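Here's data-v6.cif, which has mmCIF, N, CA and C atoms:
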data_structure
loop_
_atom_site.label_atom_id
_atom_site.label_comp_id
_atom_site.auth_asym_id
_atom_site.auth_seq_id
_atom_site.Cartn_x
_atom_site.Cartn_y
_atom_site.Cartn_z
N MET W 1 0.84 -1.17 0.00
CA MET W 1 0.00 0.00 0.00
C MET W 1 0.89 1.24 0.00
N THR W 2 0.57 2.16 -0.85
CA THR W 2 1.38 3.37 -0.95
C THR W 2 0.90 4.44 0.04
N LYS W 3 1.74 5.44 0.22
CA LYS W 3 1.39 6.56 1.09
C LYS W 3 0.12 7.24 0.57
N ASP W 4 0.04 7.46 -0.74
CA ASP W 4 -1.13 8.14 -1.30
C ASP W 4 -2.41 7.33 -1.10
N GLU W 5 -2.31 6.00 -1.22
CA GLU W 5 -3.49 5.15 -0.98
C GLU W 5 -3.95 5.25 0.46
N ILE W 6 -3.01 5.30 1.38
CA ILE W 6 -3.35 5.40 2.81
C ILE W 6 -4.03 6.74 3.09
N ILE W 7 -3.51 7.81 2.50
CA ILE W 7 -4.11 9.13 2.71
C ILE W 7 -5.50 9.19 2.09
N LEU W 8 -5.68 8.58 0.92
CA LEU W 8 -7.02 8.53 0.31
C LEU W 8 -8.00 7.76 1.19
N MET W 9 -7.54 6.66 1.78
CA MET W 9 -8.41 5.89 2.69
C MET W 9 -8.78 6.73 3.91
N ALA W 10 -7.82 7.45 4.45
CA ALA W 10 -8.09 8.30 5.62
C ALA W 10 -9.09 9.38 5.24
N ASP W 11 -8.92 9.96 4.07
CA ASP W 11 -9.84 11.00 3.60
C ASP W 11 -11.24 10.43 3.42
N ALA W 12 -11.34 9.24 2.80
CA ALA W 12 -12.64 8.62 2.57
C ALA W 12 -13.34 8.28 3.89
N SER W 13 -12.56 7.99 4.92
CA SER W 13 -13.15 7.65 6.22
C SER W 13 -13.58 8.88 7.01
N GLY W 14 -13.19 10.06 6.52
CA GLY W 14 -13.52 11.28 7.24
C GLY W 14 -12.44 11.69 8.23
N LEU W 15 -11.40 10.89 8.34
CA LEU W 15 -10.32 11.18 9.29
C LEU W 15 -9.65 12.51 8.99
N SER W 16 -9.55 12.87 7.72
CA SER W 16 -8.86 14.12 7.38
C SER W 16 -9.62 15.35 7.86
N TYR W 17 -10.89 15.20 8.21
CA TYR W 17 -11.67 16.34 8.73
C TYR W 17 -11.44 16.55 10.22
N TYR W 18 -10.72 15.63 10.85
CA TYR W 18 -10.49 15.73 12.29
C TYR W 18 -9.86 17.06 12.68
N GLY W 19 -8.94 17.54 11.86
CA GLY W 19 -8.23 18.76 12.21
C GLY W 19 -8.98 20.05 11.89
N MET W 20 -10.17 19.96 11.33
CA MET W 20 -10.93 21.16 10.97
C MET W 20 -11.18 22.00 12.22
N GLY W 21 -10.85 23.25 12.13
CA GLY W 21 -11.07 24.15 13.27
C GLY W 21 -9.95 24.08 14.29
N ARG W 22 -9.04 23.19 14.08
CA ARG W 22 -7.87 23.08 14.98
C ARG W 22 -6.64 23.35 14.12
N ASP W 23 -5.53 22.78 14.51
CA ASP W 23 -4.30 22.95 13.74
C ASP W 23 -4.28 21.88 12.63
N ARG W 24 -5.05 22.16 11.58
CA ARG W 24 -5.22 21.19 10.49
C ARG W 24 -3.89 20.85 9.81
N ASP W 25 -3.03 21.82 9.59
CA ASP W 25 -1.75 21.56 8.94
C ASP W 25 -0.89 20.60 9.77
N LYS W 26 -0.89 20.79 11.07
CA LYS W 26 -0.12 19.90 11.95
C LYS W 26 -0.71 18.49 11.90
N PHE W 27 -2.04 18.39 11.92
CA PHE W 27 -2.70 17.09 11.85
C PHE W 27 -2.33 16.38 10.54
N LEU W 28 -2.40 17.10 9.42
CA LEU W 28 -2.08 16.49 8.13
C LEU W 28 -0.61 16.08 8.06
N HIS W 29 0.26 16.85 8.71
CA HIS W 29 1.68 16.49 8.77
C HIS W 29 1.84 15.13 9.45
N TYR W 30 1.16 14.94 10.58
CA TYR W 30 1.26 13.67 11.30
C TYR W 30 0.59 12.53 10.53
N LEU W 31 -0.50 12.83 9.85
CA LEU W 31 -1.17 11.82 9.03
C LEU W 31 -0.24 11.36 7.91
N GLU W 32 0.44 12.27 7.27
CA GLU W 32 1.37 11.90 6.20
C GLU W 32 2.56 11.13 6.76
N ALA W 33 3.05 11.52 7.92
CA ALA W 33 4.16 10.78 8.54
C ALA W 33 3.72 9.35 8.86
N PHE W 34 2.51 9.19 9.38
CA PHE W 34 1.98 7.86 9.65
C PHE W 34 1.85 7.06 8.36
N ALA W 35 1.36 7.68 7.30
CA ALA W 35 1.21 7.00 6.02
C ALA W 35 2.56 6.54 5.49
N ASP W 36 3.60 7.35 5.69
CA ASP W 36 4.95 6.95 5.28
C ASP W 36 5.39 5.69 6.00
N LEU W 37 5.13 5.64 7.30
CA LEU W 37 5.51 4.46 8.09
C LEU W 37 4.77 3.21 7.64
N VAL W 38 3.48 3.34 7.43
CA VAL W 38 2.68 2.19 7.02
C VAL W 38 3.10 1.72 5.62
N ALA W 39 3.32 2.66 4.72
CA ALA W 39 3.70 2.30 3.35
C ALA W 39 5.07 1.63 3.31
N ALA W 40 5.94 1.97 4.24
CA ALA W 40 7.28 1.41 4.27
C ALA W 40 7.34 0.05 4.98
N ALA W 41 6.27 -0.34 5.63
CA ALA W 41 6.26 -1.59 6.38
C ALA W 41 6.54 -2.78 5.45
N LYS W 42 7.30 -3.69 5.96
CA LYS W 42 7.66 -4.89 5.20
C LYS W 42 6.43 -5.79 5.10
N PRO W 43 6.09 -6.24 3.90
CA PRO W 43 4.92 -7.11 3.78
C PRO W 43 5.19 -8.48 4.42
N TRP W 44 4.13 -9.09 4.92
CA TRP W 44 4.21 -10.40 5.55
C TRP W 44 4.70 -11.42 4.55
N GLN W 45 5.60 -12.28 5.00
CA GLN W 45 6.09 -13.37 4.16
C GLN W 45 5.74 -14.68 4.82
N GLY W 46 5.09 -15.53 4.08
CA GLY W 46 4.72 -16.85 4.59
C GLY W 46 5.74 -17.89 4.21
N LEU W 47 5.36 -19.14 4.38
CA LEU W 47 6.23 -20.24 4.01
C LEU W 47 6.27 -20.39 2.49
N THR W 48 7.43 -20.77 1.99
CA THR W 48 7.59 -20.98 0.55
C THR W 48 7.09 -22.37 0.19
N PRO W 49 6.88 -22.64 -1.09
CA PRO W 49 6.51 -24.00 -1.50
C PRO W 49 7.56 -25.03 -1.06
N GLU W 50 8.82 -24.63 -1.04
CA GLU W 50 9.88 -25.54 -0.58
C GLU W 50 9.73 -25.85 0.91
N ASP W 51 9.40 -24.82 1.71
CA ASP W 51 9.17 -25.03 3.14
C ASP W 51 8.01 -26.00 3.35
N LEU W 52 6.93 -25.78 2.61
CA LEU W 52 5.76 -26.65 2.74
C LEU W 52 6.07 -28.07 2.31
N ALA W 53 6.88 -28.22 1.28
CA ALA W 53 7.27 -29.57 0.83
C ALA W 53 8.07 -30.27 1.92
N GLN W 54 8.93 -29.52 2.60
CA GLN W 54 9.72 -30.11 3.69
C GLN W 54 8.81 -30.57 4.82
N ILE W 55 7.82 -29.76 5.14
CA ILE W 55 6.88 -30.12 6.21
C ILE W 55 6.07 -31.35 5.83
N ASP W 56 5.85 -31.53 4.54
CA ASP W 56 5.02 -32.64 4.06
C ASP W 56 5.76 -33.97 4.04
N THR W 57 7.03 -33.99 4.38
CA THR W 57 7.78 -35.25 4.34
C THR W 57 7.52 -36.09 5.58
N ASP W 58 7.67 -37.40 5.43
CA ASP W 58 7.48 -38.31 6.56
C ASP W 58 8.51 -38.05 7.66
N GLU W 59 9.76 -37.70 7.25
CA GLU W 59 10.81 -37.47 8.23
C GLU W 59 10.46 -36.32 9.17
N PHE W 60 9.84 -35.30 8.63
CA PHE W 60 9.47 -34.14 9.44
C PHE W 60 8.48 -34.55 10.53
N TRP W 61 7.53 -35.38 10.18
CA TRP W 61 6.49 -35.76 11.14
C TRP W 61 6.94 -36.83 12.10
N GLN W 62 8.11 -37.45 11.87
CA GLN W 62 8.62 -38.46 12.80
C GLN W 62 9.18 -37.83 14.07
N VAL W 63 9.23 -36.51 14.09
CA VAL W 63 9.70 -35.82 15.29
C VAL W 63 8.88 -36.28 16.49
N GLY W 64 7.58 -36.49 16.27
CA GLY W 64 6.73 -37.00 17.33
C GLY W 64 6.21 -35.93 18.28
N ASN W 65 6.84 -34.78 18.29
CA ASN W 65 6.42 -33.71 19.18
C ASN W 65 5.84 -32.59 18.31
N HIS W 66 4.55 -32.53 18.25
CA HIS W 66 3.91 -31.54 17.38
C HIS W 66 4.19 -30.11 17.83
N MET W 67 4.47 -29.92 19.10
CA MET W 67 4.84 -28.59 19.58
C MET W 67 6.17 -28.16 18.97
N ALA W 68 7.10 -29.10 18.83
CA ALA W 68 8.39 -28.79 18.20
C ALA W 68 8.18 -28.39 16.75
N ILE W 69 7.25 -29.04 16.09
CA ILE W 69 6.93 -28.70 14.70
C ILE W 69 6.37 -27.28 14.62
N ALA W 70 5.42 -26.99 15.49
CA ALA W 70 4.82 -25.66 15.51
C ALA W 70 5.88 -24.59 15.78
N MET W 71 6.78 -24.88 16.70
CA MET W 71 7.83 -23.91 17.03
C MET W 71 8.81 -23.73 15.86
N ALA W 72 9.09 -24.81 15.13
CA ALA W 72 9.98 -24.71 13.97
C ALA W 72 9.35 -23.84 12.88
N VAL W 73 8.05 -24.01 12.66
CA VAL W 73 7.34 -23.20 11.68
C VAL W 73 7.33 -21.74 12.13
N GLU W 74 7.04 -21.51 13.41
CA GLU W 74 7.04 -20.15 13.94
C GLU W 74 8.41 -19.50 13.79
N ASP W 75 9.48 -20.23 14.09
CA ASP W 75 10.82 -19.68 13.93
C ASP W 75 11.11 -19.28 12.49
N LYS W 76 10.70 -20.12 11.55
CA LYS W 76 10.92 -19.82 10.12
C LYS W 76 10.18 -18.55 9.73
N LEU W 77 8.94 -18.39 10.20
CA LEU W 77 8.18 -17.19 9.87
C LEU W 77 8.78 -15.95 10.53
N LYS W 78 9.23 -16.08 11.76
CA LYS W 78 9.87 -14.94 12.42
C LYS W 78 11.13 -14.53 11.66
N GLU W 79 11.91 -15.52 11.20
CA GLU W 79 13.12 -15.24 10.45
C GLU W 79 12.82 -14.44 9.19
N ARG W 80 11.73 -14.79 8.53
CA ARG W 80 11.37 -14.12 7.28
C ARG W 80 10.76 -12.74 7.51
N ASN W 81 10.18 -12.51 8.67
CA ASN W 81 9.40 -11.29 8.87
C ASN W 81 10.04 -10.31 9.85
N THR W 82 11.31 -10.49 10.15
CA THR W 82 11.99 -9.52 11.01
C THR W 82 13.22 -9.00 10.31
#
Can you give me the file's structure in the form of structure tokens?
Amino acid sequence: MTKDEIILMADASGLSYYGMGRDRDKFLHYLEAFADLVAAAKPWQGLTPEDLAQIDTDEFWQVGNHMAIAMAVEDKLKERNT
């Protein structure tokens, strides 16, 4: 999502009218700064087809501890999304 798309959404929601009668320029400055942060956010990355193929193997499931499997998947996602 781009900065301009975020500002258009805020405008469509009526949020841009919040500053009316107050310090509107200051409000819009902060709205644009927020839009910059959101637009720059790294998009979520899930598991790749290769990751899923590895999970689908019999060897993976022989671990026997499903909590260990869940933690391994969580670690992989954290690695990709930080």
Taken to one decimal, the atom C of Arg80 in chain W-atom N of Leu8 in chain W distance is 27.7 Å
Please enumerate the residues selected by the PyMOL selection byres ((chain W and resi 34-45) around 7) when evaluated against the supplied file, formatted as a ChimeraX atom specification.
/W:1-4,6-7,29-33,46-48,77,80-81
Taking only range 21-54 of chain W into account, list the residues labelled alpha helix (DSSP H) by DSSP (computed from the backbone), as a ChimeraX atom specification.
/W:24-40,49-54
Taking N, CA and C atoms for each residue, export the selection above as an mmCIF file, keeping the file's coordinate frame.
data_model
loop_
_atom_site.group_PDB
_atom_site.id
_atom_site.type_symbol
_atom_site.label_atom_id
_atom_site.label_comp_id
_atom_site.auth_asym_id
_atom_site.auth_seq_id
_atom_site.Cartn_x
_atom_site.Cartn_y
_atom_site.Cartn_z
ATOM 1 N N ARG W 24 -5.050 22.160 11.580
ATOM 2 C CA ARG W 24 -5.220 21.190 10.490
ATOM 3 C C ARG W 24 -3.890 20.850 9.810
ATOM 4 N N ASP W 25 -3.030 21.820 9.590
ATOM 5 C CA ASP W 25 -1.750 21.560 8.940
ATOM 6 C C ASP W 25 -0.890 20.600 9.770
ATOM 7 N N LYS W 26 -0.890 20.790 11.070
ATOM 8 C CA LYS W 26 -0.120 19.900 11.950
ATOM 9 C C LYS W 26 -0.710 18.490 11.900
ATOM 10 N N PHE W 27 -2.040 18.390 11.920
ATOM 11 C CA PHE W 27 -2.700 17.090 11.850
ATOM 12 C C PHE W 27 -2.330 16.380 10.540
ATOM 13 N N LEU W 28 -2.400 17.100 9.420
ATOM 14 C CA LEU W 28 -2.080 16.490 8.130
ATOM 15 C C LEU W 28 -0.610 16.080 8.060
ATOM 16 N N HIS W 29 0.260 16.850 8.710
ATOM 17 C CA HIS W 29 1.680 16.490 8.770
ATOM 18 C C HIS W 29 1.840 15.130 9.450
ATOM 19 N N TYR W 30 1.160 14.940 10.580
ATOM 20 C CA TYR W 30 1.260 13.670 11.300
ATOM 21 C C TYR W 30 0.590 12.530 10.530
ATOM 22 N N LEU W 31 -0.500 12.830 9.850
ATOM 23 C CA LEU W 31 -1.170 11.820 9.030
ATOM 24 C C LEU W 31 -0.240 11.360 7.910
ATOM 25 N N GLU W 32 0.440 12.270 7.270
ATOM 26 C CA GLU W 32 1.370 11.900 6.200
ATOM 27 C C GLU W 32 2.560 11.130 6.760
ATOM 28 N N ALA W 33 3.050 11.520 7.920
ATOM 29 C CA ALA W 33 4.160 10.780 8.540
ATOM 30 C C ALA W 33 3.720 9.350 8.860
ATOM 31 N N PHE W 34 2.510 9.190 9.380
ATOM 32 C CA PHE W 34 1.980 7.860 9.650
ATOM 33 C C PHE W 34 1.850 7.060 8.360
ATOM 34 N N ALA W 35 1.360 7.680 7.300
ATOM 35 C CA ALA W 35 1.210 7.000 6.020
ATOM 36 C C ALA W 35 2.560 6.540 5.490
ATOM 37 N N ASP W 36 3.600 7.350 5.690
ATOM 38 C CA ASP W 36 4.950 6.950 5.280
ATOM 39 C C ASP W 36 5.390 5.690 6.000
ATOM 40 N N LEU W 37 5.130 5.640 7.300
ATOM 41 C CA LEU W 37 5.510 4.460 8.090
ATOM 42 C C LEU W 37 4.770 3.210 7.640
ATOM 43 N N VAL W 38 3.480 3.340 7.430
ATOM 44 C CA VAL W 38 2.680 2.190 7.020
ATOM 45 C C VAL W 38 3.100 1.720 5.620
ATOM 46 N N ALA W 39 3.320 2.660 4.720
ATOM 47 C CA ALA W 39 3.700 2.300 3.350
ATOM 48 C C ALA W 39 5.070 1.630 3.310
ATOM 49 N N ALA W 40 5.940 1.970 4.240
ATOM 50 C CA ALA W 40 7.280 1.410 4.270
ATOM 51 C C ALA W 40 7.340 0.050 4.980
ATOM 52 N N PRO W 49 6.880 -22.640 -1.090
ATOM 53 C CA PRO W 49 6.510 -24.000 -1.500
ATOM 54 C C PRO W 49 7.560 -25.030 -1.060
ATOM 55 N N GLU W 50 8.820 -24.630 -1.040
ATOM 56 C CA GLU W 50 9.880 -25.540 -0.580
ATOM 57 C C GLU W 50 9.730 -25.850 0.910
ATOM 58 N N ASP W 51 9.400 -24.820 1.710
ATOM 59 C CA ASP W 51 9.170 -25.030 3.140
ATOM 60 C C ASP W 51 8.010 -26.000 3.350
ATOM 61 N N LEU W 52 6.930 -25.780 2.610
ATOM 62 C CA LEU W 52 5.760 -26.650 2.740
ATOM 63 C C LEU W 52 6.070 -28.070 2.310
ATOM 64 N N ALA W 53 6.880 -28.220 1.280
ATOM 65 C CA ALA W 53 7.270 -29.570 0.830
ATOM 66 C C ALA W 53 8.070 -30.270 1.920
ATOM 67 N N GLN W 54 8.930 -29.520 2.600
ATOM 68 C CA GLN W 54 9.720 -30.110 3.690
ATOM 69 C C GLN W 54 8.810 -30.570 4.820
#
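Computed from the coordinates, the CA of Met9 in chain W to CA of Arg24 in chain W distance equals 17.5 Å.
Across the structure, CA of Thr82 in chain W and CA of Ala70 in chain W are spaced 18.2 Å apart.
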